[in-house]
$ cat query_11.cif   # mmCIF, C-alpha atoms and all ligand atoms
data_target
loop_
_atom_site.label_atom_id
_atom_site.label_comp_id
_atom_site.auth_asym_id
_atom_site.auth_seq_id
_atom_site.Cartn_x
_atom_site.Cartn_y
_atom_site.Cartn_z
CA MET K 804 -20.00 -22.14 -33.60
CA GLN K 805 -20.87 -19.78 -30.78
CA ASN K 806 -24.38 -18.69 -29.98
CA ASN K 807 -24.88 -14.95 -29.81
CA SER K 808 -26.86 -15.15 -26.62
CA TYR K 809 -25.94 -16.55 -23.24
CA THR K 810 -27.20 -16.71 -19.67
CA ALA K 811 -25.87 -14.63 -16.77
CA LEU K 812 -26.69 -13.62 -13.22
CA VAL K 813 -27.33 -9.87 -13.35
CA VAL K 814 -27.32 -7.63 -10.27
CA LYS K 815 -29.44 -4.47 -10.56
CA GLU K 816 -30.18 -1.52 -8.31
CA ALA K 817 -34.00 -1.79 -8.29
CA SER K 818 -34.36 1.28 -6.06
CA PRO K 819 -31.76 3.24 -4.05
CA ASN K 820 -29.74 0.73 -1.96
CA ASN K 821 -32.03 -2.14 -2.95
CA TYR K 822 -30.32 -4.67 -5.20
CA THR K 823 -31.91 -7.59 -7.05
CA ARG K 824 -30.30 -10.64 -8.68
CA GLU K 825 -31.91 -12.16 -11.75
CA ILE K 826 -30.95 -14.70 -14.40
CA GLU K 827 -31.06 -12.96 -17.78
CA THR K 828 -30.26 -13.66 -21.39
CA LYS K 829 -27.49 -11.43 -22.70
CA THR K 830 -25.72 -11.10 -26.03
CA ILE K 831 -22.03 -11.48 -26.70
CA LYS K 832 -21.85 -8.08 -28.38
CA GLU K 833 -22.70 -6.46 -25.00
CA LEU K 834 -19.39 -7.71 -23.57
CA PRO K 835 -16.51 -5.22 -23.32
CA GLN K 836 -13.59 -5.17 -25.77
CA GLY K 837 -10.81 -7.66 -25.07
CA ASP K 838 -8.33 -10.09 -26.64
CA LEU K 839 -10.04 -13.30 -25.56
CA LEU K 840 -13.64 -14.43 -25.80
CA ILE K 841 -14.00 -17.29 -23.34
CA ARG K 842 -16.86 -19.76 -22.94
CA VAL K 843 -16.96 -20.11 -19.15
CA HIS K 844 -17.45 -23.69 -17.92
CA TYR K 845 -17.07 -23.05 -14.18
CA SER K 846 -16.87 -20.07 -11.86
CA SER K 847 -16.73 -19.92 -8.07
CA LEU K 848 -18.02 -17.93 -5.12
CA ASN K 849 -15.63 -15.72 -3.17
CA TYR K 850 -16.40 -13.20 -0.44
CA LYS K 851 -15.74 -10.38 -2.92
CA ASP K 852 -18.41 -11.84 -5.24
CA ALA K 853 -20.91 -11.80 -2.38
CA LEU K 854 -20.12 -8.10 -1.87
CA SER K 855 -20.40 -7.29 -5.58
CA ALA K 856 -23.67 -9.24 -5.80
CA SER K 857 -25.16 -7.22 -2.95
CA GLY K 858 -24.37 -3.73 -4.23
CA ASN K 859 -21.05 -2.97 -2.52
CA ARG K 860 -19.78 0.08 -4.43
CA GLY K 861 -16.28 -0.39 -3.04
CA VAL K 862 -16.11 -3.55 -5.17
CA THR K 863 -18.38 -2.67 -8.13
CA ARG K 864 -18.95 0.93 -9.12
CA HIS K 865 -21.77 0.54 -11.66
CA TYR K 866 -24.89 -1.61 -11.91
CA PRO K 867 -26.45 -3.54 -13.70
CA HIS K 868 -23.50 -5.88 -13.38
CA VAL K 869 -22.54 -9.55 -13.82
CA PRO K 870 -20.30 -10.56 -10.87
CA GLY K 871 -17.82 -13.45 -10.76
CA ILE K 872 -14.15 -12.67 -10.13
CA ASP K 873 -13.23 -16.21 -11.30
CA GLY K 874 -13.84 -18.01 -14.56
CA ALA K 875 -12.41 -21.15 -16.13
CA GLY K 876 -13.30 -22.13 -19.64
CA VAL K 877 -12.32 -22.52 -23.26
CA VAL K 878 -11.09 -19.76 -25.60
CA GLU K 879 -13.49 -19.25 -28.53
CA GLU K 880 -11.82 -16.20 -30.12
CA SER K 881 -8.31 -14.82 -29.60
CA SER K 882 -6.39 -11.86 -30.98
CA SER K 883 -3.38 -12.77 -28.83
CA ILE K 884 -0.44 -14.90 -29.99
CA ASP K 885 -0.35 -16.51 -26.52
CA PHE K 886 -3.78 -18.15 -26.81
CA SER K 887 -5.66 -20.06 -29.51
CA PRO K 888 -9.28 -21.13 -29.84
CA GLY K 889 -9.76 -24.37 -27.91
CA ASP K 890 -7.22 -23.51 -25.16
CA GLN K 891 -8.37 -24.20 -21.61
CA VAL K 892 -7.78 -21.09 -19.51
CA ILE K 893 -8.21 -19.73 -15.98
CA ALA K 894 -8.95 -16.08 -15.23
CA THR K 895 -9.04 -14.76 -11.67
CA GLY K 896 -8.87 -11.26 -10.26
CA PHE K 897 -7.79 -8.06 -12.01
CA ASP K 898 -11.08 -6.25 -12.74
CA LEU K 899 -12.99 -9.39 -13.73
CA GLY K 900 -16.36 -9.51 -11.98
CA MET K 901 -15.68 -6.21 -10.24
CA ASN K 902 -16.14 -3.65 -13.01
CA VAL K 903 -15.88 -6.01 -16.00
CA SER K 904 -18.65 -8.52 -16.73
CA GLY K 905 -17.62 -11.62 -14.78
CA GLY K 906 -17.77 -15.37 -14.47
CA TYR K 907 -21.45 -15.57 -13.50
CA GLY K 908 -22.10 -15.31 -17.25
CA GLN K 909 -21.47 -18.12 -19.72
CA TYR K 910 -19.15 -15.80 -21.68
CA ILE K 911 -16.47 -13.31 -20.67
CA ARG K 912 -14.22 -11.14 -22.83
CA ILE K 913 -10.93 -10.10 -21.23
CA PRO K 914 -7.40 -8.87 -21.97
CA ALA K 915 -4.98 -11.74 -22.67
CA GLY K 916 -2.88 -10.57 -19.70
CA TRP K 917 -5.64 -11.65 -17.30
CA ALA K 918 -5.65 -15.30 -18.42
CA LEU K 919 -3.33 -18.23 -17.92
CA HIS K 920 -3.30 -21.68 -19.43
CA CYS K 921 -4.91 -24.23 -17.12
CA PRO K 922 -1.96 -26.29 -15.82
CA GLN K 923 -1.60 -29.97 -16.68
CA HIS K 924 -3.08 -32.30 -14.08
CA LEU K 925 -5.77 -29.77 -13.15
CA SER K 926 -9.25 -29.79 -14.71
CA LEU K 927 -11.21 -26.59 -15.28
CA ARG K 928 -13.60 -27.73 -12.56
CA GLU K 929 -10.76 -28.34 -10.09
CA SER K 930 -9.24 -24.95 -10.92
CA MET K 931 -12.46 -23.31 -9.74
CA ILE K 932 -12.55 -25.37 -6.53
CA TYR K 933 -9.38 -23.45 -5.82
CA GLY K 934 -10.42 -20.18 -7.55
CA THR K 935 -9.31 -16.88 -6.05
CA ALA K 936 -9.69 -18.33 -2.54
CA GLY K 937 -7.29 -21.18 -3.26
CA PHE K 938 -4.88 -18.93 -5.10
CA THR K 939 -4.87 -16.55 -2.11
CA ALA K 940 -4.38 -19.43 0.33
CA ALA K 941 -1.47 -20.70 -1.77
CA GLN K 942 0.13 -17.25 -1.91
CA SER K 943 -0.11 -17.12 1.90
CA VAL K 944 1.42 -20.59 2.24
CA ASN K 945 4.18 -19.57 -0.16
CA LYS K 946 5.10 -16.60 2.06
CA LEU K 947 5.34 -18.82 5.16
CA VAL K 948 7.37 -21.51 3.40
CA SER K 949 9.75 -18.94 1.89
CA HIS K 950 10.22 -16.89 5.10
CA PRO K 951 10.98 -19.64 6.17
CA VAL K 952 8.69 -20.87 8.91
CA LEU K 953 9.51 -24.59 9.19
CA PRO K 954 7.12 -27.32 10.42
CA GLU K 955 9.42 -28.12 13.39
CA GLN K 956 9.22 -24.51 14.65
CA GLY K 957 5.70 -25.02 16.04
CA LYS K 958 2.01 -24.52 15.42
CA ILE K 959 0.45 -22.47 12.61
CA LEU K 960 -2.78 -20.56 13.33
CA ILE K 961 -5.33 -20.24 10.50
CA SER K 962 -8.40 -18.04 11.01
CA GLY K 963 -11.72 -18.19 9.12
CA ALA K 964 -10.78 -21.84 8.81
CA THR K 965 -14.04 -23.19 7.35
CA GLY K 966 -14.16 -20.41 4.73
CA GLY K 967 -12.81 -20.64 1.19
CA VAL K 968 -9.31 -19.25 1.83
CA GLY K 969 -9.09 -20.81 5.30
CA SER K 970 -10.12 -24.34 4.33
CA ILE K 971 -7.68 -24.50 1.44
CA ALA K 972 -4.89 -23.01 3.58
CA VAL K 973 -5.52 -25.67 6.26
CA SER K 974 -5.45 -28.43 3.61
CA ILE K 975 -2.22 -27.32 1.94
CA MET K 976 -0.35 -26.57 5.18
CA ALA K 977 -1.37 -29.95 6.66
CA LYS K 978 -0.19 -31.67 3.47
CA LEU K 979 3.18 -29.91 3.85
CA GLY K 980 3.56 -31.34 7.38
CA TYR K 981 2.67 -28.31 9.51
CA SER K 982 0.66 -28.62 12.72
CA ILE K 983 -2.45 -26.50 12.25
CA THR K 984 -4.60 -24.78 14.85
CA ALA K 985 -7.82 -23.72 13.14
CA VAL K 986 -9.92 -20.78 14.37
CA SER K 987 -13.59 -21.30 13.61
CA GLY K 988 -16.93 -19.88 14.67
CA LYS K 989 -18.66 -23.12 13.63
CA PRO K 990 -18.41 -25.80 16.35
CA GLU K 991 -20.42 -28.13 14.08
CA ALA K 992 -17.62 -28.04 11.49
CA SER K 993 -14.98 -29.68 13.65
CA ASP K 994 -15.15 -32.99 11.69
CA PHE K 995 -14.75 -31.08 8.44
CA LEU K 996 -11.66 -29.27 9.76
CA THR K 997 -10.15 -32.42 11.26
CA LYS K 998 -10.55 -34.22 7.92
CA LEU K 999 -8.75 -31.35 6.18
CA GLY K 1000 -5.84 -31.90 8.57
CA ALA K 1001 -6.33 -29.45 11.47
CA ALA K 1002 -4.69 -30.82 14.63
CA GLU K 1003 -6.56 -28.45 16.96
CA ILE K 1004 -9.63 -26.22 16.68
CA ILE K 1005 -10.27 -23.12 18.79
CA SER K 1006 -13.23 -20.73 18.88
CA ARG K 1007 -13.13 -17.12 17.68
CA GLN K 1008 -13.42 -16.06 21.36
CA GLN K 1009 -10.33 -18.11 22.27
CA ALA K 1010 -8.48 -16.42 19.42
CA SER K 1011 -9.44 -12.87 20.55
CA ASP K 1012 -7.82 -11.07 23.46
CA SER K 1013 -9.41 -7.78 24.47
CA SER K 1014 -7.15 -7.13 27.49
CA GLY K 1015 -5.20 -4.45 25.60
CA LYS K 1016 -1.86 -6.08 26.51
CA PRO K 1017 0.78 -5.26 23.89
CA LEU K 1018 2.26 -8.79 23.93
CA LEU K 1019 0.84 -12.21 24.79
CA LYS K 1020 2.35 -15.64 25.42
CA GLU K 1021 4.19 -16.91 22.31
CA LYS K 1022 2.03 -19.65 20.79
CA TRP K 1023 2.38 -19.64 17.00
CA ALA K 1024 5.37 -20.12 14.72
CA GLY K 1025 3.33 -18.48 11.98
CA ALA K 1026 -0.22 -17.69 10.96
CA ILE K 1027 -2.53 -17.20 7.99
CA ASP K 1028 -5.20 -14.65 8.86
CA THR K 1029 -8.29 -14.25 6.68
CA VAL K 1030 -10.48 -12.15 9.02
CA GLY K 1031 -8.58 -9.09 10.33
CA GLY K 1032 -9.60 -7.11 13.44
CA GLU K 1033 -9.03 -8.33 16.98
CA ILE K 1034 -8.29 -11.92 15.91
CA LEU K 1035 -5.45 -10.71 13.68
CA ALA K 1036 -4.12 -8.36 16.41
CA THR K 1037 -4.23 -11.19 18.99
CA THR K 1038 -2.48 -13.53 16.55
CA ILE K 1039 0.37 -11.08 15.98
CA LYS K 1040 0.77 -10.50 19.75
CA SER K 1041 0.94 -14.31 20.24
CA THR K 1042 3.39 -15.09 17.45
CA ALA K 1043 6.78 -16.42 18.50
CA TYR K 1044 10.09 -14.63 17.98
CA GLY K 1045 10.91 -14.27 14.24
CA GLY K 1046 7.52 -15.64 13.14
CA LEU K 1047 5.45 -14.53 10.16
CA VAL K 1048 1.76 -13.67 9.91
CA THR K 1049 0.01 -13.19 6.55
CA CYS K 1050 -3.09 -11.04 6.22
CA CYS K 1051 -5.58 -11.18 3.34
CA GLY K 1052 -9.08 -10.46 4.60
CA ASN K 1053 -11.41 -8.29 6.64
CA VAL K 1054 -14.59 -10.30 7.27
CA ALA K 1055 -14.30 -9.59 11.01
CA SER K 1056 -13.00 -6.03 10.70
CA PRO K 1057 -10.64 -3.86 8.64
CA GLU K 1058 -9.20 -2.44 11.89
CA LEU K 1059 -5.96 -3.65 13.47
CA PRO K 1060 -5.81 -2.65 17.16
CA LEU K 1061 -2.10 -3.14 17.82
CA SER K 1062 1.14 -1.55 19.02
CA VAL K 1063 4.56 -1.87 17.38
CA TYR K 1064 5.91 -4.16 20.17
CA PRO K 1065 5.45 -7.56 18.44
CA PHE K 1066 7.48 -6.19 15.54
CA ILE K 1067 10.27 -4.40 17.44
CA LEU K 1068 10.66 -6.79 20.42
CA ARG K 1069 9.97 -10.17 18.76
CA GLY K 1070 10.92 -9.49 15.15
CA VAL K 1071 7.49 -10.70 14.02
CA SER K 1072 6.66 -9.95 10.37
CA LEU K 1073 3.26 -9.10 8.92
CA LEU K 1074 2.87 -9.64 5.18
CA GLY K 1075 -0.09 -8.52 3.11
CA ILE K 1076 -1.51 -10.76 0.40
CA ASP K 1077 -3.20 -9.45 -2.75
CA SER K 1078 -4.55 -11.80 -5.38
CA ALA K 1079 -6.26 -9.32 -7.71
CA LYS K 1080 -3.24 -7.49 -9.13
CA CYS K 1081 -0.66 -10.22 -8.51
CA PRO K 1082 1.72 -10.27 -11.53
CA ILE K 1083 1.20 -13.07 -14.06
CA HIS K 1084 4.66 -14.69 -13.57
CA ILE K 1085 3.90 -15.18 -9.86
CA ARG K 1086 0.41 -16.47 -10.70
CA GLN K 1087 1.90 -19.08 -13.03
CA LYS K 1088 4.28 -20.36 -10.32
CA ILE K 1089 1.53 -20.55 -7.69
CA TRP K 1090 -0.92 -22.34 -10.03
CA GLN K 1091 1.79 -24.88 -10.92
CA LYS K 1092 2.13 -25.64 -7.20
CA LEU K 1093 -1.66 -25.93 -6.80
CA ALA K 1094 -1.73 -28.42 -9.69
CA GLY K 1095 1.41 -30.25 -8.57
CA ALA K 1096 3.25 -30.60 -5.27
CA TRP K 1097 0.57 -28.81 -3.24
CA LYS K 1098 -2.48 -30.40 -4.91
CA ILE K 1099 -5.04 -31.34 -2.27
CA GLU K 1100 -5.93 -35.03 -2.56
CA ASN K 1101 -9.56 -34.67 -1.47
CA LEU K 1102 -10.08 -31.40 -3.37
CA ASP K 1103 -13.59 -32.41 -4.42
CA SER K 1104 -14.71 -32.81 -0.80
CA LEU K 1105 -14.11 -29.07 -0.27
CA ALA K 1106 -16.65 -28.01 -2.86
CA THR K 1107 -20.39 -27.72 -3.30
CA GLU K 1108 -21.49 -27.34 -6.92
CA CYS K 1109 -24.42 -25.15 -7.90
CA ARG K 1110 -25.96 -23.57 -10.97
CA LEU K 1111 -26.83 -19.89 -11.44
CA PRO K 1112 -30.42 -20.10 -10.05
CA GLU K 1113 -29.18 -21.49 -6.71
CA LEU K 1114 -26.38 -18.98 -6.32
CA SER K 1115 -28.35 -16.09 -4.83
CA GLY K 1116 -29.29 -18.03 -1.67
CA ILE K 1117 -25.72 -19.22 -1.18
CA ILE K 1118 -24.48 -15.62 -1.51
CA GLU K 1119 -26.73 -14.63 1.42
CA LYS K 1120 -25.32 -17.51 3.47
CA MET K 1121 -21.77 -16.35 2.76
CA LEU K 1122 -22.60 -12.75 3.76
CA GLN K 1123 -23.80 -14.10 7.12
CA GLY K 1124 -20.47 -16.00 7.58
CA ARG K 1125 -22.30 -19.35 7.48
CA GLN K 1126 -20.76 -20.85 4.34
CA THR K 1127 -18.39 -23.82 4.75
CA GLY K 1128 -15.76 -24.72 2.14
CA ARG K 1129 -15.88 -23.69 -1.50
CA VAL K 1130 -18.79 -23.19 -3.87
CA ILE K 1131 -18.32 -23.73 -7.60
CA VAL K 1132 -20.77 -22.58 -10.23
CA ASN K 1133 -21.46 -24.85 -13.20
CA LEU K 1134 -22.16 -22.77 -16.35
CA LEU K 1135 -22.12 -25.66 -18.86
N1 LIG C 1 -6.43 -10.10 -0.41
C1 LIG C 1 -6.94 -10.86 -1.38
O1 LIG C 1 -6.49 -10.86 -2.52
C2 LIG C 1 -8.09 -11.74 -1.05
C3 LIG C 1 -8.41 -12.85 -1.85
C4 LIG C 1 -9.46 -13.70 -1.44
C5 LIG C 1 -10.17 -13.41 -0.28
N2 LIG C 1 -9.85 -12.29 0.44
C6 LIG C 1 -10.54 -11.96 1.67
O2 LIG C 1 -10.35 -13.03 2.58
C7 LIG C 1 -11.49 -13.14 3.42
C8 LIG C 1 -12.03 -14.56 3.34
O3 LIG C 1 -12.51 -14.80 2.03
P1 LIG C 1 -13.26 -16.16 1.69
O4 LIG C 1 -13.56 -16.13 0.24
O5 LIG C 1 -12.51 -17.30 2.30
O6 LIG C 1 -14.64 -15.92 2.50
P2 LIG C 1 -15.59 -17.00 3.19
O7 LIG C 1 -15.59 -18.27 2.41
O8 LIG C 1 -16.88 -16.30 3.45
O9 LIG C 1 -14.85 -17.32 4.58
C9 LIG C 1 -14.73 -16.40 5.60
C10 LIG C 1 -14.74 -17.15 6.92
O10 LIG C 1 -14.38 -16.23 7.96
C11 LIG C 1 -15.04 -16.58 9.17
N3 LIG C 1 -15.83 -15.44 9.60
C12 LIG C 1 -16.96 -14.92 9.05
N4 LIG C 1 -17.39 -13.84 9.72
C13 LIG C 1 -16.52 -13.67 10.74
C14 LIG C 1 -16.43 -12.73 11.80
N5 LIG C 1 -17.31 -11.75 11.95
N6 LIG C 1 -15.39 -12.85 12.67
C15 LIG C 1 -14.47 -13.84 12.53
N7 LIG C 1 -14.51 -14.77 11.55
C16 LIG C 1 -15.51 -14.68 10.66
C17 LIG C 1 -15.94 -17.78 8.84
O11 LIG C 1 -15.19 -18.97 9.14
P3 LIG C 1 -15.36 -19.73 10.56
O12 LIG C 1 -16.84 -19.86 10.79
O13 LIG C 1 -14.66 -21.03 10.37
O14 LIG C 1 -14.75 -18.85 11.63
C18 LIG C 1 -16.10 -17.69 7.33
O15 LIG C 1 -16.42 -18.93 6.77
C19 LIG C 1 -12.48 -12.07 2.92
O16 LIG C 1 -12.32 -10.89 3.69
C20 LIG C 1 -12.04 -11.82 1.50
O17 LIG C 1 -12.41 -10.56 1.03
C21 LIG C 1 -8.83 -11.47 0.08
#
$ encode --input "query_11.cif" --output "structure tokens" --more "lines below"
Ligand SMILES: NC(=O)c1ccc[n+]([C@@H]2O[C@H](COP(=O)([O-])OP(=O)(O)OC[C@H]3O[C@@H](n4cnc5c(N)ncnc54)[C@H](OP(=O)(O)O)[C@@H]3O)[C@@H](O)[C@H]2O)c1
Amino acid sequence: MQNNSYTALVVKEASPNNYTREIETKTIKELPQGDLLIRVHYSSLNYKDALSASGNRGVTRHYPHVPGIDGAGVVEESSSIDFSPGDQVIATGFDLGMNVSGGYGQYIRIPAGWALHCPQHLSLRESMIYGTAGFTAAQSVNKLVSHPVLPEQGKILISGATGGVGSIAVSIMAKLGYSITAVSGKPEASDFLTKLGAAEIISRQQASDSSGKPLLKEKWAGAIDTVGGEILATTIKSTAYGGLVTCCGNVASPELPLSVYPFILRGVSLLGIDSAKCPIHIRQKIWQKLAGAWKIENLDSLATECRLPELSGIIEKMLQGRQTGRVIVNLL
């Protein structure tokens, strides 16, 4: 029997451009319409959540708001033939936690098309260690593997390597036998990255070339970029003939200072990754890989677990680029 009230982290605009985060009691009837009422067991922290939780109107248009673009839990009510009460489900992306009350509340109500059954061999907790970050990393890996960029072709560069997307990308690619060069701004995290499987670690400065040259020495068979800006431009200019670079993030910059030469003289490809609107049939395939052949053995070592009251401080740390690995939120 469900309770009518539940706890959530609510972000409010206290005064113009001044946002507060408070733990509040809310009622289920305040949730939007939807096919599935889900009791959230775990959520996670992604960069987009940190933006939503700090009043970024490009992510969340209206406040007060409950962020959390990820939620994993158990269906309590369903009007969909695809789900029954008691089913364990994962919901990531779409408008969850952006403009629809998200996973930083113990309940969410969403369209059935936003949920998928939690795969066998993956717990709800493990699914949130991956979360949107892991799903995005796996989509990026999938593009490289399918291109194909093969392990014997050379090194793979992964930027923002200690972050959520980066750390999971390093782990999966190392598991698949690729030689990884990690770009990180945290010299103190070199043990962490080596344990994940990085063969080499370089600084953000080493990964950025400001000479303005249109092409640089070919160093990478492929790359997974999570930061954008000059690091992404330098990566593309340094990618070997026929290589592939994926691009998913903009923590460094949304700009891409580049000419067309890497594309037209070296046949380099740049592929964009979107996790929010990714169609459900692709999601299902990627999550099966995350639960199966690509499952990271030491998945737990990537995550720090917190509860709602601790989340606000960790959000600030993420906004300053100081967070390492994944953060999961326990809502049990
Ligand atoms: N397209 C999509 O669907 C999608 C999905 C998920 C995430 N994203 C995007 O991917 C990016 C990473 O997300 P995340 O959840 O992994 O965030 P995160 O956990 O905060 O990781 C970002 C990492 O980037 C590095 N970094 C931070 N500031 C930087 C700067 N100014 N210059 C260069 N590197 C910097 C840091 O790693 P080091 O200290 O190791 O360098 C940081 O840990 C974000 O832009 C996010 O919005 C996009």
$ atom_distance --input "query_11.cif" --atom1 "atom C14 of ligand LIG 1 (chain C)" --atom2 "atom CA of K:Leu1122"
10.1 Å
$ closest_residue --input "query_11.cif" --among "K:Ala894, K:Val968, K:Ala856, K:Val1054" --to "K:Gly937" --atoms "all atoms listed in the file"
K:Val968
$ axis_aligned_box --input "query_11.cif" --around "ligand LIG 1 (chain C)" --padding-each-side "5 Å" --output "AutoDock Vina command-line options"
--center_x -11.9 --center_y -15.6 --center_z 5.1 --size_x 21.0 --size_y 20.9 --size_z 25.2
$ closest_residue --input "query_11.cif" --among "K:Ile1083, K:Ala985, K:Ala964, K:Cys1109" --to "ligand LIG 1 (chain C)" --atoms "only C-alpha atoms and all ligand atoms"
K:Ala964
$ residues_around --input "query_11.cif" --residues "stretch 938-943 of chain K" --least-positions-apart "3" --cutoff "8 Å" --atoms "only C-alpha atoms" --output "list in words"
Tyr933, Gly934, Thr935, Lys946, Leu947, Val968, Gly969, Ile971, Ala972, Ile975, Ile1027, Thr1049, Cys1051, Ile1076, Asp1077, Ser1078, Ile1089, Trp1090 and Leu1093 of chain K
$ residues_around --input "query_11.cif" --residues "stretch 993-1005 of chain K" --least-positions-apart "5" --cutoff "10 Å" --atoms "all atoms listed in the file" --output "PyMOL selection string"
chain K and resi 958-962+964-965+969-978+980-988+1010+1099-1102+1104-1105+1127-1128
$ residues_around --input "query_11.cif" --residues "K:Gly1032" --least-positions-apart "3" --cutoff "7 Å" --atoms "all atoms listed in the file" --output "list in words"
Leu1035, Ala1036, Ala1055, Ser1056, Pro1057, Glu1058, Leu1059 and Pro1060 of chain K
$ closest_residue --input "query_11.cif" --among "K:Asp885, K:Asp852, K:Asp890, K:Glu1113" --to "ligand LIG 1 (chain C)" --atoms "all atoms listed in the file"
K:Asp852
$ closest_residue --input "query_11.cif" --among "K:Gly858, K:Gly896, K:Gly1052, K:Pro951" --to "ligand LIG 1 (chain C)" --atoms "only C-alpha atoms and all ligand atoms"
K:Gly1052
$ residues_around --input "query_11.cif" --residues "K:Arg928" --least-positions-apart "4" --cutoff "8 Å" --atoms "all atoms listed in the file" --output "list of chain:residue names"
K:His844, K:Tyr845, K:Ala875, K:Ile932, K:Ile1131
$ write_last_selection --input "query_11.cif" --atoms "C-alpha atoms" --output "CSV table (one decimal), keeping the file's coordinate frame"
chain,number,residue,atom,x,y,z
K,844,HIS,CA,-17.4,-23.7,-17.9
K,845,TYR,CA,-17.1,-23.0,-14.2
K,875,ALA,CA,-12.4,-21.2,-16.1
K,932,ILE,CA,-12.6,-25.4,-6.5
K,1131,ILE,CA,-18.3,-23.7,-7.6
$ closest_residue --input "query_11.cif" --among "K:Lys1092, K:Arg864, K:Arg1125, K:His950" --to "K:Gly1045" --atoms "only C-alpha atoms"
K:His950
$ closest_atom_pairs --input "query_11.cif" --of "stretch 844-898 of chain K" --to "stretch 825-840 of chain K" --cutoff "7 Å" --atoms "all atoms listed in the file" --output "tab-separated table"
residue	atom	partner	partner_atom	distance
K:Val878	CA	K:Leu840	CA	5.9
K:Glu879	CA	K:Leu840	CA	5.5
K:Glu880	CA	K:Leu840	CA	5.0
K:Ser881	CA	K:Leu839	CA	4.7
K:Ser882	CA	K:Asp838	CA	5.1
K:Ser883	CA	K:Asp838	CA	6.0
$ residues_around --input "query_11.cif" --residues "K:Asn902" --least-positions-apart "2" --cutoff "6 Å" --atoms "only C-alpha atoms" --output "list in words"
Thr863, Asp898 and Gly900 of chain K
$ closest_residue --input "query_11.cif" --among "K:Gly861, K:Gly1095, K:Gly1046, K:Pro1017" --to "ligand LIG 1 (chain C)" --atoms "all atoms listed in the file"
K:Gly861
$ atom_distance --input "query_11.cif" --atom1 "atom CA of K:Glu1021" --atom2 "atom CA of K:Gly1070"
12.3 Å
$ atom_distance --input "query_11.cif" --atom1 "atom CA of K:Arg860" --atom2 "atom CA of K:Ala817"
14.9 Å
$ build_atoms --input "query_11.cif" --residues "stretch 1001-1012 of chain K" --atoms "N, CA and C atoms" --output "CSV table (one decimal), keeping the file's coordinate frame"
chain,number,residue,atom,x,y,z
K,1001,ALA,N,-6.6,-30.3,10.3
K,1001,ALA,CA,-6.3,-29.4,11.5
K,1001,ALA,C,-6.1,-30.3,12.7
K,1002,ALA,N,-5.0,-30.0,13.4
K,1002,ALA,CA,-4.7,-30.8,14.6
K,1002,ALA,C,-5.5,-30.4,15.8
K,1003,GLU,N,-5.9,-29.1,15.8
K,1003,GLU,CA,-6.6,-28.4,17.0
K,1003,GLU,C,-7.5,-27.4,16.4
K,1004,ILE,N,-8.7,-27.2,17.1
K,1004,ILE,CA,-9.6,-26.2,16.7
K,1004,ILE,C,-10.0,-25.3,17.9
K,1005,ILE,N,-9.9,-24.0,17.7
K,1005,ILE,CA,-10.3,-23.1,18.8
K,1005,ILE,C,-11.4,-22.2,18.3
K,1006,SER,N,-12.1,-21.6,19.3
K,1006,SER,CA,-13.2,-20.7,18.9
K,1006,SER,C,-12.7,-19.3,18.6
K,1007,ARG,N,-13.5,-18.5,17.9
K,1007,ARG,CA,-13.1,-17.1,17.7
K,1007,ARG,C,-12.9,-16.4,19.0
K,1008,GLN,N,-13.6,-16.7,20.0
K,1008,GLN,CA,-13.4,-16.1,21.4
K,1008,GLN,C,-12.0,-16.4,21.9
K,1009,GLN,N,-11.7,-17.7,21.8
K,1009,GLN,CA,-10.3,-18.1,22.3
K,1009,GLN,C,-9.2,-17.4,21.5
K,1010,ALA,N,-9.5,-17.0,20.3
K,1010,ALA,CA,-8.5,-16.4,19.4
K,1010,ALA,C,-8.5,-14.9,19.6
K,1011,SER,N,-9.4,-14.3,20.4
K,1011,SER,CA,-9.4,-12.9,20.6
K,1011,SER,C,-9.1,-12.5,22.0
K,1012,ASP,N,-8.2,-11.6,22.1
K,1012,ASP,CA,-7.8,-11.1,23.5
K,1012,ASP,C,-8.2,-9.6,23.5
